[in-house]
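Content type mmCIF, C-alpha atoms and all ligand atoms, from the file entry-v4.cif:
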data_model
#
loop_
_atom_site.label_atom_id
_atom_site.label_comp_id
_atom_site.auth_asym_id
_atom_site.auth_seq_id
_atom_site.Cartn_x
_atom_site.Cartn_y
_atom_site.Cartn_z
CA MET X 141 1.50 6.24 -5.45
CA LYS X 142 -1.86 6.35 -3.74
CA LEU X 143 -3.72 9.64 -3.72
CA HIS X 144 -6.01 10.79 -0.96
CA GLU X 145 -9.71 10.87 -1.73
CA TYR X 146 -9.78 14.68 -1.58
CA GLN X 147 -6.88 14.87 -4.05
CA ALA X 148 -8.65 12.48 -6.41
CA GLN X 149 -11.84 14.56 -6.04
CA ASN X 150 -9.93 17.66 -7.09
CA ILE X 151 -8.69 15.87 -10.18
CA LEU X 152 -12.13 14.48 -11.05
CA ARG X 153 -13.64 17.95 -10.76
CA GLN X 154 -11.20 19.18 -13.45
CA TYR X 155 -12.59 16.52 -15.80
CA GLY X 156 -16.18 17.48 -15.19
CA VAL X 157 -16.94 14.40 -13.09
CA PRO X 158 -19.51 15.37 -10.45
CA VAL X 159 -18.24 15.01 -6.87
CA PRO X 160 -19.94 16.04 -3.62
CA GLY X 161 -19.51 19.66 -2.57
CA GLY X 162 -17.05 20.31 0.23
CA ASP X 163 -13.41 20.68 1.14
CA VAL X 164 -10.63 19.13 3.16
CA ALA X 165 -9.93 20.23 6.74
CA THR X 166 -6.91 19.90 9.00
CA SER X 167 -8.57 21.15 12.21
CA VAL X 168 -11.92 21.12 13.97
CA ASP X 169 -12.13 24.85 13.28
CA GLU X 170 -11.87 24.27 9.56
CA VAL X 171 -14.43 21.47 9.80
CA ARG X 172 -16.83 23.96 11.40
CA HIS X 173 -16.32 26.52 8.62
CA ILE X 174 -16.83 24.00 5.83
CA ALA X 175 -19.81 22.33 7.52
CA THR X 176 -21.44 25.73 8.08
CA ALA X 177 -21.00 26.63 4.41
CA LEU X 178 -22.55 23.29 3.42
CA GLY X 179 -25.61 23.86 5.63
CA GLY X 180 -24.75 21.53 8.51
CA ARG X 181 -25.63 18.08 7.20
CA VAL X 182 -22.27 16.68 6.20
CA VAL X 183 -20.24 13.50 5.92
CA LEU X 184 -16.84 13.48 7.60
CA LYS X 185 -14.31 11.25 5.92
CA ALA X 186 -10.92 10.43 7.42
CA GLN X 187 -8.20 10.80 4.79
CA VAL X 188 -5.96 7.78 5.22
CA LEU X 189 -4.27 5.80 2.50
CA THR X 190 -5.82 2.50 3.48
CA GLY X 191 -9.14 0.74 3.03
CA GLY X 192 -11.75 -0.10 5.65
CA ARG X 193 -12.26 3.47 6.84
CA GLY X 194 -15.99 3.01 7.25
CA ARG X 195 -15.74 -0.04 9.49
CA ALA X 196 -13.06 1.68 11.61
CA GLY X 197 -15.38 4.65 12.26
CA GLY X 198 -13.57 6.95 9.88
CA ILE X 199 -16.75 7.86 7.93
CA ARG X 200 -19.45 9.61 9.96
CA LEU X 201 -22.63 11.45 9.09
CA ALA X 202 -23.42 14.62 11.01
CA ASP X 203 -26.85 16.28 11.17
CA ASP X 204 -25.60 19.72 12.13
CA VAL X 205 -22.47 21.78 12.65
CA ALA X 206 -22.18 21.06 16.37
CA GLN X 207 -22.29 17.31 15.77
CA ALA X 208 -19.78 17.65 12.94
CA GLU X 209 -17.37 19.38 15.34
CA ARG X 210 -17.79 16.69 17.98
CA LEU X 211 -17.26 13.87 15.49
CA ALA X 212 -14.29 15.62 13.88
CA ASP X 213 -12.63 15.88 17.27
CA VAL X 214 -12.86 12.10 17.65
CA ILE X 215 -11.76 11.31 14.10
CA PHE X 216 -8.68 13.57 14.27
CA GLY X 217 -7.42 11.51 17.21
CA MET X 218 -7.81 8.22 15.41
CA ARG X 219 -5.34 5.85 13.83
CA ILE X 220 -6.82 3.66 11.15
CA GLN X 221 -4.79 0.49 10.64
CA GLY X 222 -1.81 2.39 11.97
CA TYR X 223 -2.32 5.43 9.74
CA PRO X 224 -2.79 8.72 11.61
CA VAL X 225 -5.71 10.93 10.57
CA SER X 226 -4.45 14.45 9.96
CA LYS X 227 -7.01 15.47 7.35
CA ILE X 228 -10.78 15.09 7.15
CA LEU X 229 -12.74 15.54 3.96
CA VAL X 230 -15.99 17.34 4.74
CA ASN X 231 -18.60 16.61 2.08
CA GLU X 232 -22.25 17.52 1.72
CA ALA X 233 -24.39 14.56 2.81
CA LEU X 234 -26.27 13.15 -0.14
CA GLU X 235 -29.54 11.35 -0.28
CA ILE X 236 -28.81 8.08 -2.02
CA GLU X 237 -31.25 6.13 -4.15
CA ARG X 238 -28.85 3.69 -5.73
CA GLU X 239 -25.16 2.80 -5.50
CA VAL X 240 -23.19 1.21 -8.34
CA TYR X 241 -19.52 0.36 -8.81
CA LEU X 242 -17.30 1.81 -11.52
CA GLY X 243 -13.57 1.21 -11.69
CA MET X 244 -10.75 1.56 -14.18
CA MET X 245 -7.49 -0.29 -13.91
CA LEU X 246 -4.64 -1.74 -15.91
CA ASP X 247 -5.21 -5.37 -16.74
CA ARG X 248 -1.80 -6.97 -16.79
CA GLN X 249 -2.94 -10.02 -18.73
CA LEU X 250 -4.62 -8.00 -21.48
CA ALA X 251 -1.94 -5.32 -21.23
CA GLN X 252 -4.73 -2.77 -21.61
CA PRO X 253 -6.84 -0.55 -19.41
CA VAL X 254 -10.12 -2.17 -18.48
CA ILE X 255 -13.33 -0.66 -17.16
CA VAL X 256 -15.21 -2.64 -14.58
CA ALA X 257 -18.79 -1.98 -13.52
CA ALA X 258 -21.16 -3.69 -11.13
CA ALA X 259 -24.81 -3.16 -10.31
CA GLU X 260 -24.04 -2.68 -6.61
CA GLY X 261 -21.74 -0.12 -5.04
CA ASN X 262 -19.86 0.00 -1.75
CA VAL X 263 -18.61 -3.51 -2.45
CA GLU X 264 -15.32 -5.32 -2.38
CA ILE X 265 -15.11 -5.87 -6.12
CA SER X 266 -12.68 -8.80 -6.02
CA ARG X 267 -15.10 -10.66 -3.75
CA VAL X 268 -18.09 -9.92 -6.00
CA GLU X 269 -16.07 -11.08 -9.01
CA HIS X 270 -15.21 -14.28 -7.23
CA GLU X 271 -18.68 -15.08 -5.91
CA THR X 272 -20.94 -13.74 -8.68
CA PRO X 273 -18.83 -13.13 -11.81
CA GLU X 274 -22.01 -12.73 -13.92
CA ARG X 275 -22.77 -9.49 -12.05
CA VAL X 276 -19.50 -7.79 -12.97
CA TRP X 277 -18.93 -6.23 -16.39
CA HIS X 278 -15.54 -5.72 -18.03
CA ILE X 279 -14.74 -3.54 -21.00
CA PRO X 280 -11.17 -3.54 -22.32
CA VAL X 281 -10.13 -0.17 -23.74
CA ASP X 282 -7.73 0.32 -26.61
CA PRO X 283 -5.33 2.94 -25.22
CA LEU X 284 -4.84 4.47 -28.65
CA LEU X 285 -8.55 4.84 -29.40
CA GLY X 286 -9.61 5.67 -25.86
CA LEU X 287 -12.98 4.81 -24.39
CA ARG X 288 -15.82 4.86 -26.95
CA VAL X 289 -19.40 5.82 -26.19
CA TYR X 290 -20.80 2.52 -27.46
CA GLN X 291 -18.60 0.68 -24.97
CA VAL X 292 -20.10 2.64 -22.10
CA ARG X 293 -23.59 1.89 -23.48
CA ASP X 294 -22.85 -1.82 -23.02
CA LEU X 295 -22.15 -1.11 -19.36
CA THR X 296 -25.38 0.85 -18.83
CA ASN X 297 -27.31 -2.22 -19.99
CA GLY X 298 -25.18 -4.57 -17.95
CA ILE X 299 -25.75 -2.80 -14.66
CA GLY X 300 -29.38 -2.09 -15.48
CA LEU X 301 -29.42 1.71 -15.44
CA ASP X 302 -32.66 3.51 -16.12
CA ARG X 303 -32.89 4.92 -19.67
CA THR X 304 -33.06 8.47 -18.27
CA GLN X 305 -29.62 8.01 -16.70
CA TRP X 306 -27.75 6.75 -19.75
CA ASP X 307 -26.48 10.09 -21.00
CA THR X 308 -25.32 11.17 -17.57
CA PHE X 309 -23.56 7.85 -17.02
CA VAL X 310 -21.80 8.15 -20.38
CA ARG X 311 -20.55 11.65 -19.49
CA VAL X 312 -19.34 10.50 -16.06
CA ALA X 313 -17.60 7.40 -17.44
CA MET X 314 -15.92 9.35 -20.25
CA GLY X 315 -14.70 12.00 -17.78
CA LEU X 316 -13.41 9.33 -15.43
CA TYR X 317 -11.55 7.59 -18.23
CA ARG X 318 -9.86 10.83 -19.26
CA ALA X 319 -8.89 11.50 -15.63
CA PHE X 320 -7.51 7.96 -15.44
CA ALA X 321 -5.56 8.08 -18.70
CA GLU X 322 -4.26 11.65 -18.58
CA ASN X 323 -2.98 11.27 -15.02
CA GLU X 324 -1.25 7.97 -15.76
CA ALA X 325 -3.28 6.16 -13.15
CA VAL X 326 -3.07 2.44 -12.63
CA LEU X 327 -6.33 2.49 -10.67
CA LEU X 328 -9.29 4.83 -10.43
CA GLU X 329 -12.15 3.38 -8.47
CA VAL X 330 -15.49 4.98 -7.70
CA ASN X 331 -17.07 2.78 -5.08
CA PRO X 332 -19.85 3.81 -4.97
CA LEU X 333 -21.02 5.97 -7.80
CA VAL X 334 -24.40 7.11 -6.48
CA ILE X 335 -27.66 8.17 -8.01
CA CYS X 336 -29.70 10.59 -5.94
CA PRO X 337 -33.53 10.68 -5.92
CA ASN X 338 -33.44 13.82 -8.11
CA GLY X 339 -31.43 11.94 -10.76
CA ARG X 340 -28.10 13.57 -9.88
CA MET X 341 -25.17 11.17 -10.34
CA VAL X 342 -22.18 11.71 -8.04
CA SER X 343 -18.83 10.05 -7.56
CA LEU X 344 -19.17 9.54 -3.82
CA ASP X 345 -15.87 7.85 -3.20
CA ALA X 346 -12.65 8.08 -5.22
CA ARG X 347 -9.62 5.87 -4.89
CA MET X 348 -6.78 6.69 -7.24
CA ILE X 349 -3.30 5.24 -7.65
CA VAL X 350 -0.93 6.90 -10.09
CA ASP X 351 1.96 5.09 -11.73
CA ASP X 352 5.18 5.62 -9.74
CA ASN X 353 7.12 5.35 -12.98
CA ALA X 354 5.32 8.38 -14.42
CA LEU X 355 6.08 10.69 -11.50
CA PHE X 356 9.40 11.88 -12.89
CA ARG X 357 7.56 13.71 -15.65
CA ARG X 358 4.55 14.69 -13.53
CA ARG X 359 5.84 17.01 -10.83
CA ASP X 360 2.28 18.17 -10.15
CA LEU X 361 1.27 14.64 -9.18
CA ALA X 362 4.53 13.85 -7.39
CA GLU X 363 3.87 16.83 -5.11
CA LEU X 364 0.68 15.20 -3.86
CA ARG X 365 2.67 12.62 -1.91
CA ASP X 366 1.78 12.57 1.78
CA GLU X 367 4.77 11.30 3.73
CA THR X 368 2.78 11.07 6.96
CA GLN X 369 1.03 8.10 5.35
CA GLU X 370 4.23 6.20 4.63
CA THR X 371 5.99 3.84 6.99
CA GLU X 372 9.62 4.59 7.84
CA ARG X 373 10.65 1.67 5.67
CA GLU X 374 8.72 2.97 2.69
CA GLN X 375 10.36 6.36 3.09
CA LEU X 376 13.82 4.84 3.38
CA ALA X 377 13.30 2.66 0.30
CA ARG X 378 12.06 5.60 -1.74
CA ARG X 379 14.88 7.92 -0.63
CA TYR X 380 17.45 5.41 -1.89
CA SER X 381 15.47 4.24 -4.96
CA ILE X 382 15.28 0.70 -3.66
CA HIS X 383 12.42 -1.55 -4.72
CA TYR X 384 11.47 -3.24 -1.50
CA VAL X 385 8.64 -5.62 -0.69
CA SER X 386 8.33 -7.03 2.78
CA LEU X 387 7.41 -10.74 2.70
CA ASN X 388 6.96 -13.28 5.38
CA GLY X 389 9.82 -15.76 5.29
CA GLU X 390 13.30 -16.73 6.33
CA VAL X 391 15.80 -15.45 3.77
CA ALA X 392 16.28 -11.78 2.90
CA CYS X 393 16.75 -11.73 -0.83
CA LEU X 394 18.79 -8.85 -2.29
CA ALA X 395 19.71 -8.67 -5.94
CA ASN X 396 20.38 -6.04 -8.56
CA GLY X 397 17.55 -6.02 -11.06
CA ALA X 398 14.02 -7.26 -10.49
CA GLY X 399 14.58 -10.23 -12.80
CA LEU X 400 17.54 -11.58 -10.87
CA ALA X 401 15.73 -10.89 -7.58
CA MET X 402 12.73 -12.92 -8.75
CA VAL X 403 14.83 -15.78 -10.08
CA THR X 404 16.63 -15.90 -6.74
CA MET X 405 13.31 -16.02 -4.90
CA ASP X 406 12.07 -18.79 -7.22
CA LEU X 407 15.20 -20.82 -6.54
CA LEU X 408 14.62 -20.39 -2.82
CA ARG X 409 10.98 -21.42 -3.09
CA ALA X 410 11.99 -24.50 -5.09
CA ARG X 411 13.91 -25.60 -2.01
CA GLY X 412 10.97 -24.91 0.24
CA ILE X 413 12.45 -21.69 1.66
CA ARG X 414 10.43 -18.50 1.80
CA PRO X 415 11.99 -15.10 1.18
CA SER X 416 11.54 -12.52 3.97
CA CYS X 417 11.76 -9.67 1.51
CA PHE X 418 12.32 -8.78 -2.10
CA ILE X 419 14.93 -6.11 -2.63
CA ASP X 420 15.99 -4.86 -6.02
CA LEU X 421 19.10 -2.73 -5.50
CA GLY X 422 18.71 -1.29 -8.98
CA GLY X 423 21.42 -0.51 -11.46
CA GLY X 424 24.57 1.31 -10.39
CA ALA X 425 23.89 0.82 -6.67
CA ARG X 426 26.27 2.78 -4.43
CA ALA X 427 27.56 1.91 -1.00
CA GLU X 428 24.97 4.02 0.90
CA ARG X 429 22.17 2.36 -1.00
CA VAL X 430 23.50 -1.07 -0.07
CA GLN X 431 23.55 -0.03 3.58
CA ALA X 432 19.97 1.23 3.41
CA ALA X 433 18.94 -2.01 1.73
CA LEU X 434 20.52 -4.07 4.51
CA GLN X 435 18.71 -1.96 7.08
CA LEU X 436 15.45 -2.76 5.29
CA ALA X 437 16.34 -6.44 5.03
CA MET X 438 17.06 -6.67 8.76
CA ALA X 439 13.70 -5.08 9.60
CA ASP X 440 11.99 -8.29 8.44
CA GLN X 441 14.05 -10.34 10.90
CA PRO X 442 15.45 -12.88 8.44
CA ARG X 443 17.49 -15.93 9.47
CA VAL X 444 19.89 -15.45 6.57
CA ILE X 445 20.73 -12.64 4.16
CA LEU X 446 21.37 -13.65 0.58
CA ILE X 447 22.94 -11.15 -1.81
CA ASN X 448 23.01 -12.08 -5.47
CA VAL X 449 24.69 -9.52 -7.71
CA PHE X 450 25.48 -9.58 -11.37
CA GLY X 451 27.78 -6.65 -12.14
CA GLY X 452 26.63 -5.08 -15.38
CA VAL X 453 26.24 -1.35 -14.79
CA THR X 454 26.83 -2.10 -11.11
CA ARG X 455 30.37 -2.63 -9.87
CA CYS X 456 30.54 -5.60 -7.53
CA ASP X 457 33.33 -3.99 -5.49
CA VAL X 458 31.16 -0.94 -4.78
CA ILE X 459 28.47 -3.24 -3.37
CA ALA X 460 31.16 -4.97 -1.32
CA GLU X 461 32.28 -1.62 0.11
CA GLY X 462 28.76 -0.93 1.27
CA LEU X 463 28.65 -4.33 2.89
CA LEU X 464 32.01 -3.92 4.54
CA ALA X 465 30.80 -0.90 6.47
CA VAL X 466 27.91 -2.74 8.11
CA CYS X 467 28.52 -6.49 7.93
CA GLY X 468 30.00 -6.60 11.44
CA GLU X 469 26.65 -5.42 12.84
CA LEU X 470 24.50 -7.97 11.03
CA ASP X 471 23.58 -10.71 13.46
CA VAL X 472 22.57 -13.22 10.80
CA PRO X 473 24.71 -15.27 8.42
CA LEU X 474 25.47 -13.71 5.04
CA VAL X 475 25.68 -15.48 1.70
CA LEU X 476 27.14 -13.64 -1.27
CA ARG X 477 27.37 -14.33 -4.92
CA PHE X 478 29.10 -11.87 -7.22
CA ASP X 479 29.53 -12.20 -10.93
CA GLY X 480 30.53 -9.75 -13.67
CA TRP X 481 32.25 -6.40 -13.25
CA ASN X 482 34.96 -6.53 -10.57
CA ALA X 483 33.53 -9.66 -8.96
CA GLN X 484 36.95 -10.88 -7.85
CA GLN X 485 37.82 -7.49 -6.31
CA ALA X 486 34.57 -7.70 -4.35
CA TYR X 487 35.45 -11.12 -2.95
CA ASP X 488 38.97 -9.88 -2.13
CA LEU X 489 37.61 -6.84 -0.29
CA LEU X 490 35.43 -9.01 1.91
CA ALA X 491 37.95 -11.80 2.48
CA GLY X 492 38.62 -12.27 6.16
CA HIS X 493 35.58 -10.22 7.20
CA CYS X 494 32.70 -11.58 9.19
CA SER X 495 29.15 -10.82 10.11
CA ALA X 496 28.28 -10.91 13.80
CA LYS X 497 27.18 -14.49 13.10
CA GLY X 498 30.47 -15.68 11.70
CA ALA X 499 32.16 -16.03 8.34
CA ILE X 500 30.66 -14.55 5.21
CA HIS X 501 29.74 -17.37 2.86
CA THR X 502 30.58 -16.94 -0.78
CA ALA X 503 29.22 -18.81 -3.75
CA HIS X 504 29.93 -18.72 -7.46
CA SER X 505 26.51 -19.32 -8.91
CA SER X 506 22.93 -18.46 -7.98
CA GLU X 507 22.20 -22.16 -7.43
CA GLU X 508 25.12 -22.55 -5.09
CA ALA X 509 24.25 -19.39 -3.17
CA VAL X 510 20.65 -20.44 -2.72
CA GLY X 511 21.72 -23.93 -1.65
CA ARG X 512 24.02 -22.38 0.94
CA ALA X 513 21.30 -20.09 2.24
CA ALA X 514 18.85 -22.99 2.48
CA ALA X 515 21.36 -25.07 4.45
CA LEU X 516 21.98 -22.14 6.81
CA VAL X 517 18.25 -21.73 7.41
CA LYS X 518 18.04 -25.39 8.41
CA GLU X 519 21.05 -24.99 10.72
CA THR X 520 19.60 -21.92 12.44
CA LYS X 521 16.37 -23.83 13.05
CA GLN X 522 18.15 -26.59 14.95
P1 LIG P 1 -15.22 3.85 2.19
O1 LIG P 1 -15.82 3.11 3.36
O2 LIG P 1 -13.83 4.26 2.49
O3 LIG P 1 -15.32 3.07 0.93
O4 LIG P 1 -16.04 5.22 2.04
P2 LIG P 1 -17.22 5.65 1.06
O5 LIG P 1 -17.02 7.07 0.72
O6 LIG P 1 -17.33 4.73 -0.10
O7 LIG P 1 -18.52 5.54 1.93
C1 LIG P 1 -18.98 4.30 2.39
C2 LIG P 1 -20.49 4.28 2.44
O8 LIG P 1 -20.96 5.27 3.34
C3 LIG P 1 -21.16 4.59 1.12
O9 LIG P 1 -21.27 3.47 0.27
C4 LIG P 1 -22.51 5.09 1.59
O10 LIG P 1 -23.39 4.01 1.79
C5 LIG P 1 -22.20 5.77 2.91
N1 LIG P 1 -22.12 7.23 2.67
C6 LIG P 1 -21.03 7.95 2.36
N2 LIG P 1 -21.35 9.24 2.11
C7 LIG P 1 -22.70 9.32 2.24
C8 LIG P 1 -23.65 10.37 2.08
O11 LIG P 1 -23.36 11.51 1.72
N3 LIG P 1 -24.97 10.08 2.31
C9 LIG P 1 -25.36 8.83 2.69
N4 LIG P 1 -26.65 8.59 2.88
N5 LIG P 1 -24.49 7.81 2.83
C10 LIG P 1 -23.19 8.04 2.60
MN MN P 2 -16.00 3.24 -0.92
#
Represent the structure of the file as structure tokens.
Amino acid sequence: MKLHEYQAQNILRQYGVPVPGGDVATSVDEVRHIATALGGRVVLKAQVLTGGRGRAGGIRLADDVAQAERLADVIFGMRIQGYPVSKILVNEALEIEREVYLGMMLDRQLAQPVIVAAAEGNVEISRVEHETPERVWHIPVDPLLGLRVYQVRDLTNGIGLDRTQWDTFVRVAMGLYRAFAENEAVLLEVNPLVICPNGRMVSLDARMIVDDNALFRRRDLAELRDETQETEREQLARRYSIHYVSLNGEVACLANGAGLAMVTMDLLRARGIRPSCFIDLGGGARAERVQAALQLAMADQPRVILINVFGGVTRCDVIAEGLLAVCGELDVPLVLRFDGWNAQQAYDLLAGHCSAKGAIHTAHSSEEAVGRAAALVKETKQ
């Protein structure tokens, strides 16, 4: 789950990481109050859960309170990449001498957290890594030992920090790592971390993503969710605990369990067919969840829907019941494969039923189901 910058700032403050002074506003009135308290020269930052705010005009510097009000009025009306702006972070404007990059993330290959630093800030780090890998520094962190001071020292050398800034940088990096680890983040990116002419070091930007799988035990973090920043599909998927990824292909791929869903997608790809979505129905899926999943699948406008279910904790006939309620409305061909618990009952339930595009195709193995779906894609293209 992505956090807003102002929410991440609040967390960083608790760990002693310096952030710019200021507060979040939901109206021009509040912007005026905060800007007045900060002395007039402020930065207004649209709070949207997407990148590219700056380029879209969502980050503006104001010289005085009146200008801040005028700019806020414009920003509140904006949509940035489809995301409405309902909150603006009002921060004191800083004088910047130098910007660097500091990020922490989970490295899936190392299966460890890794700290990444670069000598320039306000950059797209993946691009810098690609173009000039020698300018990006990586430090893997042992999660049991935590970040050690000597590791941070390596970074200070790498990014060429002045000797006078080493201690401050160590304190900031250690605080950031604690904020990252203790809040079960998968990403905490400060882009840029700035150094002011008076030597002050401030986390100017803060992008934080916390692990969805940790939210059940972290109510405090779960409450930070901003539903206005979610698409209807994302909300629907979350409400029904469906893992859904919209892709750009021809066959909607629904399975129970991420492993089976991925195998099914691989089998499709091996035949040159692209999935239009990945849907993991999860264990013990009920009829309503199946209906929600089909609604999601249809949103990607597939040519064929392929449902591949292995009944372990999931009863195949329960999935079939969910299908029965909506299959008549689906205007694409359906291919089903059931195996395991009550598979035969599921086939029996659906026997004689149709989608709006004709008979429901059944198969008795993943291979067969995928082959059927691939053939149907070719037919619908003719
Ligand atoms: P992003 O575009 O969403 O990454 O927003 P950032 O908060 O990272 O700001 C982008 C850039 O705007 C920074 O790298 C700075 O160059 C500039 N900027 C942001 N805040 C200030 C500020 O207080 N003072 C000055 N001089 N520049 C700022
Ligand atoms: Mn930034």
Cut-off 8 Å: closest chain X/ligand LIG 1 (chain P) atom pairs per residue, using all atoms listed in the file, as a Markdown table:
| residue | atom | partner | partner_atom | distance |
| --- | --- | --- | --- | --- |
| X:Pro160 | CA | P:LIG1 | O11 | 7.8 |
| X:Val182 | CA | P:LIG1 | O11 | 6.9 |
| X:Val183 | CA | P:LIG1 | O11 | 5.6 |
| X:Lys185 | CA | P:LIG1 | O5 | 7.2 |
| X:Gly191 | CA | P:LIG1 | O2 | 5.9 |
| X:Gly192 | CA | P:LIG1 | O1 | 5.7 |
| X:Arg193 | CA | P:LIG1 | O2 | 4.7 |
| X:Gly194 | CA | P:LIG1 | O1 | 3.9 |
| X:Arg195 | CA | P:LIG1 | O1 | 6.9 |
| X:Gly198 | CA | P:LIG1 | O2 | 7.9 |
| X:Ile199 | CA | P:LIG1 | O4 | 6.5 |
| X:Arg200 | CA | P:LIG1 | C6 | 7.9 |
| X:Leu201 | CA | P:LIG1 | C8 | 7.2 |
| X:Asn231 | CA | P:LIG1 | O11 | 7.0 |
| X:Glu232 | CA | P:LIG1 | O11 | 6.1 |
| X:Ala233 | CA | P:LIG1 | O11 | 3.4 |
| X:Leu234 | CA | P:LIG1 | O11 | 3.8 |
| X:Glu235 | CA | P:LIG1 | N4 | 5.1 |
| X:Ile236 | CA | P:LIG1 | N4 | 5.4 |
| X:Glu239 | CA | P:LIG1 | O9 | 7.0 |
| X:Gly261 | CA | P:LIG1 | O9 | 6.4 |
| X:Asn262 | CA | P:LIG1 | O9 | 4.3 |
| X:Val263 | CA | P:LIG1 | O9 | 7.9 |
| X:Val330 | CA | P:LIG1 | O6 | 7.8 |
| X:Asn331 | CA | P:LIG1 | O6 | 5.4 |
| X:Pro332 | CA | P:LIG1 | O9 | 5.4 |
| X:Leu344 | CA | P:LIG1 | O5 | 5.6 |
| X:Asp345 | CA | P:LIG1 | O5 | 4.2 |
| X:Ala346 | CA | P:LIG1 | O5 | 7.4 |
### Message
Using only C-alpha atoms, can you tell me which of X:Val205, X:Pro280, X:Ala395, X:Leu189 comes closest to Thr368 (chain X)?
### Response
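Residue with the minimum atom-to-atom distance to Thr368 (chain X): X:Leu189.
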### Query
Can you list, as an MDAnalysis selection string, every protein, DNA or RNA residue that comes within 8 Å of Ala496 (chain X) when you count all atoms listed in the file, leaving out same-chain residues fewer than 4 positions away?
chainID X and resid 467:473
Once you have the residues from the selection above, write them out as a PDB file, in the coordinates of the input, restricted to C-alpha atoms.
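And here's selection.pdb as it stands now:
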ATOM      1  CA  CYS X 467      28.520  -6.490   7.930  1.00  0.00           C
ATOM      2  CA  GLY X 468      30.000  -6.600  11.440  1.00  0.00           C
ATOM      3  CA  GLU X 469      26.650  -5.420  12.840  1.00  0.00           C
ATOM      4  CA  LEU X 470      24.500  -7.970  11.030  1.00  0.00           C
ATOM      5  CA  ASP X 471      23.580 -10.710  13.460  1.00  0.00           C
ATOM      6  CA  VAL X 472      22.570 -13.220  10.800  1.00  0.00           C
ATOM      7  CA  PRO X 473      24.710 -15.270   8.420  1.00  0.00           C
TER       8      PRO X 473
END
Shell around region 154-158 of chain X at 8 Å using all atoms listed in the file, local window under 6 positions removed, as a compact mmCIF listing (two decimals) with C-alpha atoms, in the coordinates of the input:
# COMPACT_ATOMS: atom_id res chain seq x y z
CA ARG X 311 -20.55 11.65 -19.49
CA VAL X 312 -19.34 10.50 -16.06
CA GLY X 315 -14.70 12.00 -17.78
CA LEU X 316 -13.41 9.33 -15.43
CA ARG X 318 -9.86 10.83 -19.26
CA ALA X 319 -8.89 11.50 -15.63
CA MET X 341 -25.17 11.17 -10.34
CA VAL X 342 -22.18 11.71 -8.04
CA SER X 343 -18.83 10.05 -7.56
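Computed from the coordinates, the CA of Leu394 (chain X) to CA of Thr190 (chain X) distance equals 27.7 Å.
The closest residue to ligand MN 2 (chain P), picked from X:Asp360, X:Glu264, X:Glu507, X:Asp352 and counting all atoms listed in the file, is X:Glu264.
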### Interatomic distance, CA of Leu463 (chain X) to CA of Glu390 (chain X) (Å, one decimal)
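Between CA of Leu463 (chain X) and CA of Glu390 (chain X) the gap works out to 20.0 Å.
Coordinates place CA of Tyr146 (chain X) at a distance of 11.0 Å from CA of Gly161 (chain X).
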